[in-house]
Amino acid sequence: MHMKKNIVLPRPGIEAKTLIAIGLPVSIAQSVGMMTGLIDTAMLGSYSTVSLAAAGAAITIRQYFLLIAAGASVGMQAAIAQSRGRNERSAVAAIAGVGCIVLLAASLIAFVALGFSQTHLLRFIGARGAVFDEAQVYLSITLFTLLPMFADAGFRGIATAHERTRLMLYAAIAMFTVKVSVNYALIYGNFGFPRLGIRGAAIAEVAASFTEFFVLAAGVFIINRRMPVIAFTLRRWRAHAASVFHLSSSTVIEWLLWSTGAFFITKFLLSYDPIHPALYNITMRIQGIFLIVASGFARAVLSLTARDFGAGNMAAVRRWFSASLRLSIGVMAVCAVVIIIAGPFALGLMADPAAAHKAVPVTLLFVLSGILIISRSVNIVTGSAIRSMGHALYFSIMMLIATILVAGSAFFLTEYFRFGVIGVLIAMTIDELSRNAVNIGYFRMVTAARKIPAASRTLQRISAYGKNMH
């Protein structure tokens, strides 16, 4: 159903408020998820080091399968938001329905694939002895989290596209409550329950996943009663599925390439004293905590720019992007100062400070980390804005080039100049700053063009294909 377009320019001054209103619940929900993981790690670590290592190996393997769901969530969000901008209400609901069906099919494929390959994958990453045995137990149970987690990704895409991000926060709080409670009961055998160790942690993961699923499903059902946000129909399903796939592909490729680059960087650093890979992991973890804020803004700008791009309102797209960029840089600049000042003190809680000071200039380590979170936040926000307009091919090529360059320069700086973890951070900083300039330039070029951007033509061809099929 096509109706008159009613998307207008955001009023001056409300952009930041809107971005915070949409992005902050996402950031808090992700923070709750990270906190849940840290508490989970602490509980398992206090129970058994072997169990902790086994869970880490199993989660690493499962995470690769969940990247598909996360990418599909971004694609659904962008496709739905674009249809909202065009006021195609039937398409909005149909895209959500097709996306959920695709995710259901993908979860079943992932379930079978992981079920048959878990033994080989655990051996491939080097799990041995008791770690291998416990990791296999953990994976065998947490296989059943794939269905709710894939569905959760779809519901998050729907909720964020409709700017109802508080639902994600409520689901995260419910998941946190169940996960911590069941962990405490089953890992240690409290409240009269049996002491199950890693098996209890796996059961808690399943219980928490289904809890989050039911909260998100209930929220989407309530929203759907007020306005149609999801409908299961075969009309134009090929076009809708192709649109979601087109918009999802760059996200999946980006995260796979990022994981591959991190793997090689860790491999380079393992030739040094153990303090170097330890410092790399510490700095990445610290950066990840602060970048949660940027990722919340990124999900907000993805919905807003995709919506107004769908409406053909390029001036509004530029306004949302500029506001999100200013907001992200301002917040991350404050975070960078905190990292530079407090980083050396926090280091003493996670590593041997004497060994760290002996191995690297610690102040430089955290200065580079501060620069990195600013430049990474710019690329996260810019990437979401570019992705919202359907430029998947550009982003995939950029990430491939970036992965090759950062891995190559990190190898050069660590192997020939022996800079260790400092060399890795220098390589990453040069990569992020270079992509800042290229991505911002590309965004300005696309939004300033008078003719229809190439990615939009691709989506139009997909839409036309779907119409011809019916």
# chains A, B, ... in the order shown; residues from 1 in each chain; ligands from 1
call {"tool": "residues_around", "arguments": {"residues": "A:Val381", "least_positions_apart": "6", "cutoff": "8 Å", "atoms": "only C-alpha atoms", "output": "list of chain:residue names"}}
result
A:Ala294, A:Ser295, A:Phe297, A:Ala298, A:Val301, A:Phe321, A:Ser324, A:Leu325, A:Ser328
call {"tool": "write_last_selection", "arguments": {"atoms": "C-alpha atoms", "output": "compact mmCIF listing (two decimals), in the first residue's frame"}}
result
# COMPACT_ATOMS: atom_id res chain seq x y z
CA ALA A 294 28.87 4.34 19.67
CA SER A 295 27.16 1.11 18.60
CA PHE A 297 24.12 5.60 18.14
CA ALA A 298 24.96 3.52 15.06
CA VAL A 301 21.31 6.41 12.77
CA PHE A 321 24.48 11.65 9.91
CA SER A 324 25.29 11.36 15.04
CA LEU A 325 28.90 12.00 14.03
CA SER A 328 29.70 10.17 18.80
call {"tool": "residues_around", "arguments": {"residues": "stretch 345-361 of chain A", "least_positions_apart": "4", "cutoff": "12 Å", "atoms": "only C-alpha atoms", "output": "PyMOL selection string"}}
result
chain A and resi 272-283+285-286+338-341+365-368+418-423+425
call {"tool": "residues_around", "arguments": {"residues": "stretch 217-226 of chain A", "least_positions_apart": "5", "cutoff": "12 Å", "atoms": "only C-alpha atoms", "output": "VMD selection string"}}
result
chain A and resid 92 to 93 96 to 97 100 148 to 149 151 to 171 210 to 212 231
call {"tool": "write_last_selection", "arguments": {"atoms": "N, CA and C atoms", "output": "JSON list (two decimals), in the first residue's frame"}}
result
[["chain", "number", "residue", "atom", "x", "y", "z"],
["A", 92, "VAL", "N", 6.49, -3.18, 4.83],
["A", 92, "VAL", "CA", 7.15, -3.15, 6.15],
["A", 92, "VAL", "C", 6.88, -4.45, 6.90],
["A", 93, "ALA", "N", 5.61, -4.83, 6.97],
["A", 93, "ALA", "CA", 5.25, -6.05, 7.71],
["A", 93, "ALA", "C", 5.71, -7.30, 6.99],
["A", 96, "ALA", "N", 9.48, -7.98, 7.47],
["A", 96, "ALA", "CA", 9.73, -8.53, 8.80],
["A", 96, "ALA", "C", 9.38, -10.01, 8.84],
["A", 97, "GLY", "N", 8.24, -10.38, 8.24],
["A", 97, "GLY", "CA", 7.84, -11.78, 8.23],
["A", 97, "GLY", "C", 8.80, -12.65, 7.46],
["A", 100, "CYS", "N", 12.06, -13.10, 9.37],
["A", 100, "CYS", "CA", 11.96, -14.06, 10.47],
["A", 100, "CYS", "C", 11.95, -15.51, 9.96],
["A", 148, "PRO", "N", 16.27, -19.61, 19.53],
["A", 148, "PRO", "CA", 15.83, -18.35, 20.11],
["A", 148, "PRO", "C", 16.75, -17.18, 19.80],
["A", 149, "MET", "N", 18.06, -17.42, 19.70],
["A", 149, "MET", "CA", 18.99, -16.32, 19.42],
["A", 149, "MET", "C", 18.83, -15.78, 18.01],
["A", 151, "ALA", "N", 16.01, -15.93, 16.32],
["A", 151, "ALA", "CA", 14.73, -15.21, 16.35],
["A", 151, "ALA", "C", 14.88, -13.86, 17.04],
["A", 152, "ASP", "N", 15.67, -13.83, 18.14],
["A", 152, "ASP", "CA", 15.91, -12.57, 18.85],
["A", 152, "ASP", "C", 16.50, -11.52, 17.92],
["A", 153, "ALA", "N", 17.43, -11.95, 17.06],
["A", 153, "ALA", "CA", 18.07, -11.01, 16.12],
["A", 153, "ALA", "C", 17.02, -10.38, 15.21],
["A", 154, "GLY", "N", 16.07, -11.19, 14.74],
["A", 154, "GLY", "CA", 15.00, -10.66, 13.90],
["A", 154, "GLY", "C", 14.11, -9.68, 14.65],
["A", 155, "PHE", "N", 13.74, -10.02, 15.87],
["A", 155, "PHE", "CA", 12.89, -9.13, 16.67],
["A", 155, "PHE", "C", 13.61, -7.81, 16.98],
["A", 156, "ARG", "N", 14.92, -7.88, 17.22],
["A", 156, "ARG", "CA", 15.68, -6.64, 17.47],
["A", 156, "ARG", "C", 15.67, -5.75, 16.23],
["A", 157, "GLY", "N", 15.86, -6.37, 15.06],
["A", 157, "GLY", "CA", 15.81, -5.59, 13.83],
["A", 157, "GLY", "C", 14.48, -4.91, 13.64],
["A", 158, "ILE", "N", 13.38, -5.62, 13.94],
["A", 158, "ILE", "CA", 12.02, -5.06, 13.81],
["A", 158, "ILE", "C", 11.83, -3.91, 14.79],
["A", 159, "ALA", "N", 12.20, -4.14, 16.07],
["A", 159, "ALA", "CA", 11.99, -3.12, 17.10],
["A", 159, "ALA", "C", 12.81, -1.87, 16.82],
["A", 160, "THR", "N", 14.07, -2.04, 16.39],
["A", 160, "THR", "CA", 14.92, -0.88, 16.15],
["A", 160, "THR", "C", 14.46, -0.12, 14.91],
["A", 161, "ALA", "N", 14.02, -0.83, 13.88],
["A", 161, "ALA", "CA", 13.53, -0.16, 12.67],
["A", 161, "ALA", "C", 12.33, 0.71, 12.97],
["A", 162, "HIS", "N", 11.51, 0.29, 13.95],
["A", 162, "HIS", "CA", 10.33, 1.07, 14.35],
["A", 162, "HIS", "C", 10.64, 2.01, 15.52],
["A", 163, "GLU", "N", 11.93, 2.10, 15.87],
["A", 163, "GLU", "CA", 12.41, 3.02, 16.92],
["A", 163, "GLU", "C", 11.81, 2.69, 18.28],
["A", 164, "ARG", "N", 11.56, 1.39, 18.53],
["A", 164, "ARG", "CA", 11.03, 0.92, 19.82],
["A", 164, "ARG", "C", 12.14, 0.17, 20.56],
["A", 165, "THR", "N", 13.25, 0.85, 20.83],
["A", 165, "THR", "CA", 14.43, 0.17, 21.35],
["A", 165, "THR", "C", 14.35, -0.16, 22.84],
["A", 166, "ARG", "N", 13.40, 0.41, 23.55],
["A", 166, "ARG", "CA", 13.27, 0.07, 24.97],
["A", 166, "ARG", "C", 12.94, -1.40, 25.16],
["A", 167, "LEU", "N", 12.28, -1.98, 24.17],
["A", 167, "LEU", "CA", 11.96, -3.42, 24.23],
["A", 167, "LEU", "C", 13.23, -4.25, 24.38],
["A", 168, "MET", "N", 14.29, -3.85, 23.69],
["A", 168, "MET", "CA", 15.57, -4.57, 23.79],
["A", 168, "MET", "C", 16.14, -4.48, 25.20],
["A", 169, "LEU", "N", 15.96, -3.33, 25.83],
["A", 169, "LEU", "CA", 16.45, -3.14, 27.19],
["A", 169, "LEU", "C", 15.69, -4.03, 28.17],
["A", 170, "TYR", "N", 14.36, -4.09, 28.04],
["A", 170, "TYR", "CA", 13.56, -4.94, 28.93],
["A", 170, "TYR", "C", 13.96, -6.41, 28.77],
["A", 171, "ALA", "N", 14.18, -6.84, 27.53],
["A", 171, "ALA", "CA", 14.57, -8.23, 27.27],
["A", 171, "ALA", "C", 15.94, -8.53, 27.87],
["A", 210, "PHE", "N", 15.88, -18.36, 25.98],
["A", 210, "PHE", "CA", 14.44, -18.48, 25.77],
["A", 210, "PHE", "C", 13.67, -17.38, 26.50],
["A", 211, "THR", "N", 14.19, -16.92, 27.65],
["A", 211, "THR", "CA", 13.56, -15.81, 28.35],
["A", 211, "THR", "C", 13.59, -14.55, 27.50],
["A", 212, "GLU", "N", 14.75, -14.24, 26.94],
["A", 212, "GLU", "CA", 14.89, -13.07, 26.08],
["A", 212, "GLU", "C", 13.98, -13.19, 24.86],
["A", 231, "ALA", "N", 4.06, -9.59, 9.21],
["A", 231, "ALA", "CA", 3.01, -10.37, 8.54],
["A", 231, "ALA", "C", 3.68, -11.48, 7.75]]
call {"tool": "atom_distance", "arguments": {"atom1": "atom CA of A:Leu67", "atom2": "atom CA of A:Leu256"}}
result
7.7 Å
call {"tool": "atom_distance", "arguments": {"atom1": "atom CA of A:Ala241", "atom2": "atom CA of A:Tyr64"}}
result
21.9 Å
call {"tool": "closest_atom_pairs", "arguments": {"of": "stretch 167-218 of chain A", "to": "stretch 134-145 of chain A", "cutoff": "10 Å", "atoms": "only C-alpha atoms", "output": "JSON lines"}}
result
{"residue": "A:Gly197", "atom": "CA", "partner": "A:Glu134", "partner_atom": "CA", "distance": 9.6}
{"residue": "A:Ile198", "atom": "CA", "partner": "A:Tyr138", "partner_atom": "CA", "distance": 6.6}
{"residue": "A:Arg199", "atom": "CA", "partner": "A:Tyr138", "partner_atom": "CA", "distance": 6.2}
{"residue": "A:Gly200", "atom": "CA", "partner": "A:Tyr138", "partner_atom": "CA", "distance": 9.0}
{"residue": "A:Ala201", "atom": "CA", "partner": "A:Tyr138", "partner_atom": "CA", "distance": 7.9}
{"residue": "A:Ala202", "atom": "CA", "partner": "A:Tyr138", "partner_atom": "CA", "distance": 5.4}
{"residue": "A:Ile203", "atom": "CA", "partner": "A:Ile141", "partner_atom": "CA", "distance": 6.9}
{"residue": "A:Ala204", "atom": "CA", "partner": "A:Thr142", "partner_atom": "CA", "distance": 9.2}
{"residue": "A:Glu205", "atom": "CA", "partner": "A:Thr142", "partner_atom": "CA", "distance": 6.7}
{"residue": "A:Val206", "atom": "CA", "partner": "A:Thr145", "partner_atom": "CA", "distance": 5.3}
{"residue": "A:Ala207", "atom": "CA", "partner": "A:Thr145", "partner_atom": "CA", "distance": 8.5}
{"residue": "A:Ala208", "atom": "CA", "partner": "A:Thr145", "partner_atom": "CA", "distance": 8.9}
{"residue": "A:Ser209", "atom": "CA", "partner": "A:Thr145", "partner_atom": "CA", "distance": 6.0}
{"residue": "A:Phe210", "atom": "CA", "partner": "A:Thr145", "partner_atom": "CA", "distance": 7.4}
{"residue": "A:Phe213", "atom": "CA", "partner": "A:Thr145", "partner_atom": "CA", "distance": 9.9}
call {"tool": "residues_around", "arguments": {"residues": "A:Val98", "least_positions_apart": "2", "cutoff": "7 Å", "atoms": "only C-alpha atoms", "output": "list in words"}}
result
Ala94, Ile95, Ala96, Cys100, Ile101, Val102, Phe232, Trp237, His240 and Ala241 of chain A
call {"tool": "write_last_selection", "arguments": {"atoms": "C-alpha atoms", "output": "tab-separated table (two decimals), in the first residue's frame"}}
result
chain	number	residue	atom	x	y	z
A	94	ALA	CA	6.03	-8.47	4.88
A	95	ILE	CA	9.81	-7.82	5.06
A	96	ALA	CA	9.73	-8.53	8.80
A	100	CYS	CA	11.96	-14.06	10.47
A	101	ILE	CA	11.27	-17.08	8.24
A	102	VAL	CA	14.77	-16.81	6.72
A	232	PHE	CA	3.69	-13.80	7.12
A	237	TRP	CA	8.75	-12.85	-0.82
A	240	HIS	CA	11.90	-9.01	0.28
A	241	ALA	CA	14.35	-11.86	0.96
call {"tool": "atom_distance", "arguments": {"atom1": "atom CA of A:Arg319", "atom2": "atom CA of A:Thr251"}}
result
23.6 Å
call {"tool": "select_by_dssp", "arguments": {"residues": "stretch 55-267 of chain A", "states": "alpha helix (DSSP H)", "output": "number ranges by chain"}}
result
A: 55-85, 89-124, 129-142, 146-161, 166-188, 198-226, 237-267
call {"tool": "closest_residue", "arguments": {"among": "A:Gly296, A:Gly390, A:Pro344, A:Gly126", "to": "A:Gly23", "atoms": "only C-alpha atoms"}}
result
A:Gly296
call {"tool": "residues_around", "arguments": {"residues": "A:Ala106", "least_positions_apart": "6", "cutoff": "9 Å", "atoms": "only C-alpha atoms", "output": "PDB file with N, CA and C atoms, in the first residue's frame"}}
result
ATOM      1  N   ILE A  68      25.822 -14.630  11.541  1.00  0.00           N
ATOM      2  CA  ILE A  68      24.833 -14.632  10.460  1.00  0.00           C
ATOM      3  C   ILE A  68      23.546 -13.972  10.942  1.00  0.00           C
ATOM      4  N   ALA A  69      23.104 -14.341  12.148  1.00  0.00           N
ATOM      5  CA  ALA A  69      21.882 -13.758  12.701  1.00  0.00           C
ATOM      6  C   ALA A  69      22.034 -12.266  12.933  1.00  0.00           C
ATOM      7  N   LEU A 147      18.082 -21.415  17.980  1.00  0.00           N
ATOM      8  CA  LEU A 147      16.745 -21.017  17.518  1.00  0.00           C
ATOM      9  C   LEU A 147      16.284 -19.712  18.176  1.00  0.00           C
ATOM     10  N   PHE A 150      18.599 -16.667  17.031  1.00  0.00           N
ATOM     11  CA  PHE A 150      18.345 -16.206  15.670  1.00  0.00           C
ATOM     12  C   PHE A 150      17.037 -15.425  15.618  1.00  0.00           C
TER      13      PHE A 150
END
